[in-house]
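Student: Next up, my_file-v7.csv (CSV, C-alpha atoms and all ligand atoms).
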```csv
chain,number,residue,atom,x,y,z
L,30,MET,CA,65.2,-9.1,68.8
L,31,ASP,CA,68.8,-10.0,68.1
L,32,SER,CA,68.7,-13.4,66.4
L,33,SER,CA,71.2,-15.1,68.8
L,34,ILE,CA,69.1,-13.9,71.8
L,35,ALA,CA,65.9,-15.1,70.0
L,36,SER,CA,67.4,-18.5,69.4
L,37,ARG,CA,68.7,-18.7,73.1
L,38,VAL,CA,65.1,-17.8,74.3
L,39,GLY,CA,63.7,-20.4,71.9
L,40,VAL,CA,66.0,-23.1,73.3
L,41,LYS,CA,65.1,-22.1,76.8
L,42,LEU,CA,61.4,-22.2,76.1
L,43,ARG,CA,61.7,-25.6,74.4
L,44,GLN,CA,63.6,-26.9,77.4
L,45,THR,CA,61.0,-25.6,79.8
L,46,GLY,CA,58.3,-27.1,77.7
L,47,GLU,CA,60.1,-30.4,77.7
L,48,LEU,CA,60.5,-30.3,81.5
L,49,ASN,CA,56.8,-29.5,81.9
L,50,ARG,CA,55.9,-32.3,79.6
L,51,ARG,CA,58.1,-34.8,81.4
L,52,SER,CA,56.9,-33.8,84.8
L,53,PHE,CA,53.2,-34.1,83.6
L,54,LEU,CA,53.9,-37.6,82.3
L,55,CYS,CA,55.6,-38.6,85.6
L,56,ARG,CA,52.6,-37.2,87.6
L,57,ALA,CA,50.1,-38.8,85.3
L,58,ALA,CA,51.8,-42.2,85.7
L,59,THR,CA,51.8,-41.7,89.5
L,60,TRP,CA,48.1,-40.8,89.5
L,61,SER,CA,47.3,-43.8,87.4
L,62,VAL,CA,49.1,-46.2,89.7
L,63,ALA,CA,47.7,-44.5,92.8
L,64,ALA,CA,44.2,-44.6,91.5
L,65,GLY,CA,44.5,-48.1,90.1
L,66,ILE,CA,43.5,-46.9,86.6
L,67,GLY,CA,44.4,-49.4,83.9
L,68,VAL,CA,45.4,-47.9,80.6
L,69,HIS,CA,42.3,-48.4,78.4
L,70,HIS,CA,44.1,-48.9,75.1
L,71,GLY,CA,47.4,-50.5,74.1
L,72,PHE,CA,49.2,-47.2,74.3
L,73,ALA,CA,49.2,-44.5,76.9
L,74,ALA,CA,48.2,-41.0,75.8
L,75,GLU,CA,50.6,-38.2,76.5
L,76,SER,CA,48.4,-35.5,77.8
L,77,ASN,CA,44.7,-35.0,77.1
L,78,SER,CA,44.7,-31.6,78.8
L,79,MET,CA,46.7,-30.2,75.8
L,80,ASN,CA,43.9,-30.7,73.4
L,81,PRO,CA,40.8,-32.8,74.3
L,82,ARG,CA,39.8,-32.8,70.6
L,83,LEU,CA,43.0,-34.6,69.5
L,84,PHE,CA,43.0,-38.3,68.7
L,85,THR,CA,45.9,-40.5,67.6
L,86,PHE,CA,45.3,-43.5,65.3
L,87,VAL,CA,48.0,-46.2,65.6
L,88,GLY,CA,48.3,-48.9,62.9
L,89,GLY,CA,50.4,-51.8,64.2
L,90,ASN,CA,50.1,-55.0,66.1
L,91,SER,CA,48.0,-54.0,69.1
L,92,GLY,CA,44.7,-52.3,69.9
L,93,PRO,CA,41.1,-53.3,70.1
L,94,TRP,CA,40.4,-53.2,66.4
L,95,THR,CA,41.4,-56.1,64.1
L,96,VAL,CA,41.8,-55.1,60.5
L,97,THR,CA,39.7,-57.3,58.2
L,98,ARG,CA,40.1,-55.4,54.9
L,99,PHE,CA,42.6,-52.9,53.7
L,100,LYS,CA,42.4,-51.1,50.4
L,101,THR,CA,44.2,-48.1,48.9
L,102,VAL,CA,41.4,-46.5,46.9
L,103,VAL,CA,43.5,-43.7,45.4
L,104,GLY,CA,46.9,-42.2,45.9
L,105,ASP,CA,50.0,-43.5,47.7
L,106,PRO,CA,49.4,-46.5,50.0
L,107,ILE,CA,50.3,-46.8,53.6
L,108,ALA,CA,51.5,-50.0,55.3
L,109,GLU,CA,48.8,-52.6,56.2
L,110,PRO,CA,48.6,-53.2,59.9
L,111,SER,CA,46.9,-56.1,61.7
L,112,LYS,CA,45.5,-54.0,64.5
L,113,ILE,CA,44.4,-50.4,65.0
L,114,ASP,CA,44.4,-48.5,68.3
L,115,ILE,CA,42.6,-45.1,68.8
L,116,VAL,CA,44.1,-43.1,71.6
L,117,PRO,CA,42.6,-39.9,72.9
L,118,GLY,CA,45.3,-37.1,72.9
L,119,GLY,CA,48.9,-37.4,71.6
L,120,LEU,CA,51.6,-39.9,72.2
L,121,PRO,CA,55.1,-39.1,73.6
L,122,GLY,CA,56.8,-41.1,70.8
L,123,PHE,CA,56.4,-43.7,68.1
L,124,PRO,CA,55.0,-46.8,69.9
L,125,ALA,CA,56.8,-50.1,69.7
L,126,GLY,CA,55.2,-52.3,67.0
L,127,ALA,CA,53.6,-49.3,65.2
L,128,GLN,CA,53.7,-49.1,61.4
L,129,TRP,CA,52.2,-45.7,61.3
L,130,MET,CA,50.6,-43.0,63.5
L,131,LEU,CA,48.0,-40.5,62.2
L,132,LYS,CA,46.6,-37.6,64.2
L,133,GLY,CA,43.4,-35.5,63.8
L,134,VAL,CA,41.2,-33.2,65.8
L,135,THR,CA,37.5,-33.0,65.9
L,136,SER,CA,36.2,-29.5,65.1
L,137,ASN,CA,33.2,-27.3,64.4
L,138,VAL,CA,31.1,-27.9,61.3
L,139,ARG,CA,31.9,-26.0,58.1
L,140,TYR,CA,29.2,-26.9,55.6
L,141,VAL,CA,26.1,-27.6,57.6
L,142,ALA,CA,23.1,-25.3,57.6
L,143,ARG,CA,21.1,-24.8,60.8
L,144,GLU,CA,18.3,-27.3,59.9
L,145,GLU,CA,20.8,-29.9,58.9
L,146,LYS,CA,22.7,-29.4,62.2
L,147,VAL,CA,19.5,-29.8,64.2
L,148,GLU,CA,18.5,-33.0,62.2
L,149,LEU,CA,22.0,-34.5,62.5
L,150,GLU,CA,22.1,-33.9,66.3
L,151,ALA,CA,18.7,-35.4,66.7
L,152,ARG,CA,19.5,-38.5,64.6
L,153,GLN,CA,23.1,-39.4,65.1
L,154,ALA,CA,24.5,-42.0,67.6
L,155,ALA,CA,27.7,-41.9,69.5
L,156,LEU,CA,30.6,-44.2,68.6
L,157,GLY,CA,31.1,-47.2,70.9
L,158,ARG,CA,27.7,-48.8,71.1
L,159,PRO,CA,28.1,-52.5,72.3
L,160,GLU,CA,26.5,-53.8,69.1
L,161,ALA,CA,28.8,-51.7,66.9
L,162,THR,CA,31.4,-54.4,66.4
L,163,HIS,CA,32.3,-53.3,62.8
L,164,GLY,CA,34.3,-50.2,62.1
L,165,ALA,CA,35.9,-48.3,59.3
L,166,LEU,CA,38.8,-45.8,59.4
L,167,ILE,CA,39.0,-43.9,56.1
L,168,PRO,CA,41.8,-41.4,55.9
L,169,ILE,CA,41.2,-38.9,53.0
L,170,ARG,CA,43.1,-36.1,51.3
L,171,LYS,CA,41.6,-33.5,49.0
L,172,ASN,CA,43.7,-31.9,46.3
L,173,ALA,CA,45.0,-28.3,46.0
L,174,LYS,CA,42.1,-27.3,43.7
L,175,TRP,CA,39.6,-28.1,46.5
L,176,TRP,CA,41.6,-26.0,49.0
L,177,ALA,CA,41.8,-23.1,46.6
L,178,LEU,CA,38.0,-22.8,46.5
L,179,THR,CA,36.1,-20.5,48.7
L,180,GLN,CA,33.9,-21.6,51.5
L,181,ASP,CA,30.7,-20.9,49.4
L,182,GLU,CA,32.1,-22.8,46.4
L,183,ARG,CA,33.0,-25.8,48.6
L,184,ARG,CA,29.6,-25.9,50.3
L,185,ALA,CA,27.9,-25.8,46.8
L,186,ILE,CA,29.9,-28.9,45.7
L,187,PHE,CA,29.7,-30.7,49.1
L,188,GLU,CA,26.0,-30.3,49.6
L,189,GLU,CA,24.0,-28.6,46.8
L,190,ARG,CA,25.6,-30.8,44.2
L,191,SER,CA,26.9,-33.9,46.0
L,192,HIS,CA,24.3,-34.1,48.8
L,193,HIS,CA,26.9,-35.5,51.3
L,194,THR,CA,24.9,-34.6,54.4
L,195,ALA,CA,21.5,-35.6,52.9
L,196,VAL,CA,22.8,-38.9,51.7
L,197,GLY,CA,24.6,-39.6,55.0
L,198,MET,CA,21.6,-38.7,57.0
L,199,LYS,CA,19.7,-41.7,55.6
L,200,TYR,CA,22.2,-44.0,57.4
L,201,LEU,CA,21.7,-42.5,60.8
L,202,PRO,CA,21.6,-43.7,63.5
L,203,SER,CA,22.8,-47.1,62.3
L,204,ILE,CA,26.2,-45.7,61.3
L,205,ALA,CA,28.0,-43.7,64.0
L,206,ARG,CA,30.7,-41.3,62.8
L,207,ARG,CA,33.5,-39.0,63.9
L,208,LEU,CA,35.3,-36.6,61.6
L,209,HIS,CA,38.9,-35.6,62.5
L,210,HIS,CA,40.7,-32.7,60.7
L,211,CYS,CA,44.4,-32.9,60.1
L,212,ARG,CA,45.4,-29.8,58.1
L,213,ASP,CA,46.1,-27.3,60.9
L,214,LEU,CA,48.1,-29.5,63.2
L,215,GLU,CA,51.6,-28.5,64.3
L,216,VAL,CA,53.3,-31.1,62.1
L,217,ALA,CA,52.1,-31.7,58.5
L,218,GLU,CA,50.0,-34.8,58.2
L,219,PRO,CA,49.7,-37.1,55.2
L,220,PHE,CA,45.8,-36.8,55.1
L,221,ASP,CA,43.4,-33.9,55.5
L,222,PHE,CA,40.7,-36.0,57.3
L,223,LEU,CA,40.5,-39.2,59.3
L,224,THR,CA,36.9,-40.4,59.1
L,225,LEU,CA,35.9,-43.0,61.6
L,226,PHE,CA,32.7,-45.1,61.7
L,227,ASP,CA,31.2,-47.9,63.7
L,228,TYR,CA,28.1,-50.0,63.1
L,229,ALA,CA,26.5,-53.4,63.8
L,230,ALA,CA,27.2,-56.4,61.6
L,231,LYS,CA,23.7,-56.2,60.2
L,232,ASP,CA,24.4,-52.7,58.8
L,233,ALA,CA,27.6,-53.7,57.0
L,234,THR,CA,25.9,-53.8,53.6
L,235,ALA,CA,24.3,-50.4,54.1
L,236,PHE,CA,27.7,-49.0,54.9
L,237,GLU,CA,29.1,-50.3,51.6
L,238,ASP,CA,26.1,-48.6,49.8
L,239,LEU,CA,26.8,-45.3,51.5
L,240,VAL,CA,30.5,-45.3,50.7
L,241,ALA,CA,29.8,-46.3,47.1
L,242,ALA,CA,27.2,-43.4,46.8
L,243,LEU,CA,29.7,-40.8,48.1
L,244,ARG,CA,32.5,-42.0,45.9
L,245,VAL,CA,30.6,-41.2,42.7
L,246,THR,CA,29.8,-37.6,43.7
L,247,GLU,CA,31.4,-34.4,42.4
L,248,GLU,CA,33.0,-33.9,45.9
L,249,TRP,CA,35.0,-37.1,45.5
L,250,LYS,CA,36.6,-35.8,42.2
L,251,TYR,CA,38.7,-33.7,44.6
L,252,VAL,CA,39.9,-36.7,46.7
L,253,ASP,CA,43.4,-37.6,45.7
L,254,ARG,CA,44.4,-39.9,48.5
L,255,GLU,CA,42.1,-42.4,50.2
L,256,ILE,CA,42.7,-45.6,52.2
L,257,ASP,CA,39.7,-47.7,53.2
L,258,ILE,CA,40.4,-49.7,56.4
L,259,ARG,CA,37.7,-52.1,57.7
L,260,MET,CA,37.9,-53.6,61.1
L,261,ILE,CA,36.1,-55.6,63.8
L,262,ARG,CA,36.3,-55.6,67.6
L,263,PRO,CA,34.9,-58.0,70.2
L,264,GLY,CA,31.2,-57.3,71.2
C,1,LIG,C1,27.2,-41.9,58.2
C,1,LIG,C2,26.8,-41.0,57.3
C,1,LIG,C3,27.5,-39.7,57.1
C,1,LIG,C4,27.0,-38.5,57.5
C,1,LIG,C5,25.7,-38.2,58.2
C,1,LIG,C6,28.0,-37.6,57.1
C,1,LIG,C7,27.9,-36.2,57.4
C,1,LIG,C8,28.9,-35.3,57.2
C,1,LIG,C9,28.8,-33.9,57.5
C,1,LIG,C10,27.6,-33.2,58.0
C,1,LIG,C11,30.0,-33.4,57.1
C,1,LIG,C12,30.4,-31.9,57.2
C,1,LIG,C13,31.0,-31.4,58.4
C,1,LIG,C14,31.2,-29.9,58.3
C,1,LIG,O1,30.2,-29.2,58.1
C,1,LIG,O2,32.3,-29.5,58.5
C,1,LIG,C15,30.9,-34.4,56.7
C,1,LIG,C16,32.1,-34.2,56.2
C,1,LIG,C17,32.9,-35.2,55.7
C,1,LIG,N1,32.6,-36.5,55.6
C,1,LIG,FE1,30.8,-37.3,55.9
C,1,LIG,N2,29.0,-38.2,56.5
C,1,LIG,C18,28.8,-39.5,56.5
C,1,LIG,C19,29.5,-40.5,55.9
C,1,LIG,C20,30.8,-40.3,55.4
C,1,LIG,C21,31.6,-41.4,54.8
C,1,LIG,C22,31.2,-42.8,54.6
C,1,LIG,C23,32.8,-40.8,54.4
C,1,LIG,C24,34.0,-41.4,53.8
C,1,LIG,C25,33.9,-42.4,52.9
C,1,LIG,C26,32.7,-39.4,54.8
C,1,LIG,C27,33.7,-38.5,54.6
C,1,LIG,C28,33.6,-37.2,55.0
C,1,LIG,C29,34.7,-36.2,54.8
C,1,LIG,C30,36.1,-36.5,54.2
C,1,LIG,C31,34.3,-35.0,55.3
C,1,LIG,C32,35.1,-33.7,55.3
C,1,LIG,C33,34.7,-32.9,54.1
C,1,LIG,C34,35.4,-31.6,54.0
C,1,LIG,O3,35.4,-30.9,55.0
C,1,LIG,O4,35.9,-31.3,52.9
C,1,LIG,N3,31.5,-39.1,55.3
C,1,LIG,N4,30.2,-35.6,56.7
```
Before we go any further, please render this structure as structure tokens.
Ligand code: HEM

Tutor:
Amino acid sequence: MDSSIASRVGVKLRQTGELNRRSFLCRAATWSVAAGIGVHHGFAAESNSMNPRLFTFVGGNSGPWTVTRFKTVVGDPIAEPSKIDIVPGGLPGFPAGAQWMLKGVTSNVRYVAREEKVELEARQAALGRPEATHGALIPIRKNAKWWALTQDERRAIFEERSHHTAVGMKYLPSIARRLHHCRDLEVAEPFDFLTLFDYAAKDATAFEDLVAALRVTEEWKYVDREIDIRMIRPG
């Protein structure tokens, strides 16, 4: 296609997309008002219908989670917020009061064998149990050497030599978790993974042991950016 036509078509498509997006937001707002649905979190999600596996993490001054500890473990830091909000879907813009916004999608497993998958599913708890008032958000990036490995090589490091799943399994169901991937999103993200956990106050020491056990593994030699954010929410 002639490049000027291609660019005109591109502009048109972008305009149409923008109109559709705006009209969705208008309709969503109308439905919420009509149905009396309060917005659950501090910020309203843009549209969950676009990708139900997408989550946005907002570090700022609002949200249900209060940051209690914040540590840059390795690599460049990010700003330390007082609150964290976790919003299903995307957001139409940078929310007022936000210091940063990180996005990730849940996905299929990559490194889990059948027996491990069955055991994980039998043992794991979902996030959001009323007693799980403690949380951790740990954004992680792995280096280029890791991503240059093949699937088999990564699995060997992840499980055969670092025992990530086997170690983690011992902490189920006390620790609930959700892994978000960030590498294949539309816009480049600063981390490869956003790992999210919640647990009861009585399991806080166990969580420290788990994190310490993982950080000394061969797998962690490939981690070149990691921020450890601990938080609490009302029970
Ligand atoms: C609660 C116990 C835990 C269990 C049962 C667990 C289990 C798993 C499993 C099964 C996977 C592989 C998913 C796949 O096959 O794609 C995984 C990936 C991952 N986990 Fe954990 N985990 C636990 C705790 C942790 C902790 C505490 C951290 C961070 C400090 C962490 C960070 C990660 C990361 C970054 C990945 C992605 C690795 C990659 O794809 O390269 N996990 N975890």

Student: Once you count only C-alpha atoms and all ligand atoms, which residues end up within 6 Å of ligand LIG 1 (chain C), and could you hand them over as a PyMOL selection string?

Tutor: chain L and resi 138-141+169+194+197-198+200+204+206+222+224+239-240

Student: What is the distance between atom CA of L:Trp129 and atom CA of L:His163, in Å to one decimal?

Tutor: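 Pair atom CA of L:Trp129 / atom CA of L:His163 returns 21.4 Å.
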
Student: For the atom pair atom CA of L:Pro168 and atom CA of L:Ile261, what is the interatomic distance in Å to one decimal place?

Tutor: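 For atom CA of L:Pro168 relative to atom CA of L:Ile261, the distance reads 17.2 Å.
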
Student: Select all residues near (44.9, -33.5, 44.8) (cut-off 7 Å, inclusive, file coordinates), counting all atoms listed in the file, and output them as a ChimeraX atom specification.

Tutor: /L:171-174,251-253

Student: Find the residue from L:Arg190, L:Gly264, L:Ala217, L:Ala230 that sits nearest to L:Val245; use only C-alpha atoms when measuring.

Tutor: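 Nearest candidate to L:Val245 out of L:Arg190, L:Gly264, L:Ala217, L:Ala230: L:Arg190.
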
Student: Using only C-alpha atoms, collect all residues at a distance of at most 10 Å from (23.3, -39.1, 59.0) as written in the file, then present them as an NGL selection string.

Tutor: :L and (145 or 148-154 or 193-206)

Student: Quick one: residues within 10 Å of L:Pro110, only C-alpha atoms counted, chain neighbours fewer than 4 positions away excluded, as an MDAnalysis selection string?

Tutor: chainID L and resid 87:91 95:97 99 126:129 258

Student: Measuring between only C-alpha atoms, which one of L:Phe86, L:Phe236, L:Phe220, L:Trp249 shows the shortest distance to L:Lys132?

Tutor: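 Between L:Phe86, L:Phe236, L:Phe220, L:Trp249, the residue approaching L:Lys132 most closely is L:Phe86.
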
Student: Since fewer atoms than expected are present, regenerate N, CA and C atoms for stretch 88-104 of chain L and write them as an mmCIF file, in the frame of the given file.

Tutor:
```
data_model
loop_
_atom_site.group_PDB
_atom_site.id
_atom_site.type_symbol
_atom_site.label_atom_id
_atom_site.label_comp_id
_atom_site.auth_asym_id
_atom_site.auth_seq_id
_atom_site.Cartn_x
_atom_site.Cartn_y
_atom_site.Cartn_z
ATOM 1 N N GLY L 88 48.423 -47.638 63.662
ATOM 2 C CA GLY L 88 48.300 -48.900 62.900
ATOM 3 C C GLY L 88 49.540 -49.733 63.282
ATOM 4 N N GLY L 89 49.291 -50.945 63.787
ATOM 5 C CA GLY L 89 50.400 -51.800 64.200
ATOM 6 C C GLY L 89 49.949 -53.162 64.594
ATOM 7 N N ASN L 90 50.463 -53.658 65.741
ATOM 8 C CA ASN L 90 50.100 -55.000 66.100
ATOM 9 C C ASN L 90 49.370 -55.087 67.453
ATOM 10 N N SER L 91 48.851 -53.919 67.918
ATOM 11 C CA SER L 91 48.000 -54.000 69.100
ATOM 12 C C SER L 91 46.907 -52.950 69.070
ATOM 13 N N GLY L 92 45.885 -53.177 69.895
ATOM 14 C CA GLY L 92 44.700 -52.300 69.900
ATOM 15 C C GLY L 92 43.457 -53.144 69.781
ATOM 16 N N PRO L 93 42.316 -52.539 70.108
ATOM 17 C CA PRO L 93 41.100 -53.300 70.100
ATOM 18 C C PRO L 93 40.526 -53.687 68.761
ATOM 19 N N TRP L 94 40.912 -52.950 67.736
ATOM 20 C CA TRP L 94 40.400 -53.200 66.400
ATOM 21 C C TRP L 94 41.268 -54.106 65.580
ATOM 22 N N THR L 95 40.695 -55.171 65.022
ATOM 23 C CA THR L 95 41.400 -56.100 64.100
ATOM 24 C C THR L 95 41.070 -55.716 62.686
ATOM 25 N N VAL L 96 42.070 -55.503 61.870
ATOM 26 C CA VAL L 96 41.800 -55.100 60.500
ATOM 27 C C VAL L 96 41.353 -56.332 59.684
ATOM 28 N N THR L 97 40.233 -56.144 58.981
ATOM 29 C CA THR L 97 39.700 -57.300 58.200
ATOM 30 C C THR L 97 39.829 -57.021 56.687
ATOM 31 N N ARG L 98 39.899 -55.749 56.306
ATOM 32 C CA ARG L 98 40.100 -55.400 54.900
ATOM 33 C C ARG L 98 40.842 -54.133 54.787
ATOM 34 N N PHE L 99 41.684 -54.037 53.791
ATOM 35 C CA PHE L 99 42.600 -52.900 53.700
ATOM 36 C C PHE L 99 42.764 -52.564 52.219
ATOM 37 N N LYS L 100 42.342 -51.363 51.813
ATOM 38 C CA LYS L 100 42.400 -51.100 50.400
ATOM 39 C C LYS L 100 42.871 -49.632 50.149
ATOM 40 N N THR L 101 43.864 -49.480 49.281
ATOM 41 C CA THR L 101 44.200 -48.100 48.900
ATOM 42 C C THR L 101 43.288 -47.788 47.698
ATOM 43 N N VAL L 102 42.384 -46.846 47.929
ATOM 44 C CA VAL L 102 41.400 -46.500 46.900
ATOM 45 C C VAL L 102 42.022 -45.598 45.850
ATOM 46 N N VAL L 103 42.780 -44.605 46.295
ATOM 47 C CA VAL L 103 43.500 -43.700 45.400
ATOM 48 C C VAL L 103 44.705 -43.112 46.061
ATOM 49 N N GLY L 104 45.740 -42.844 45.298
ATOM 50 C CA GLY L 104 46.900 -42.200 45.900
ATOM 51 C C GLY L 104 47.910 -43.196 46.457
#
```
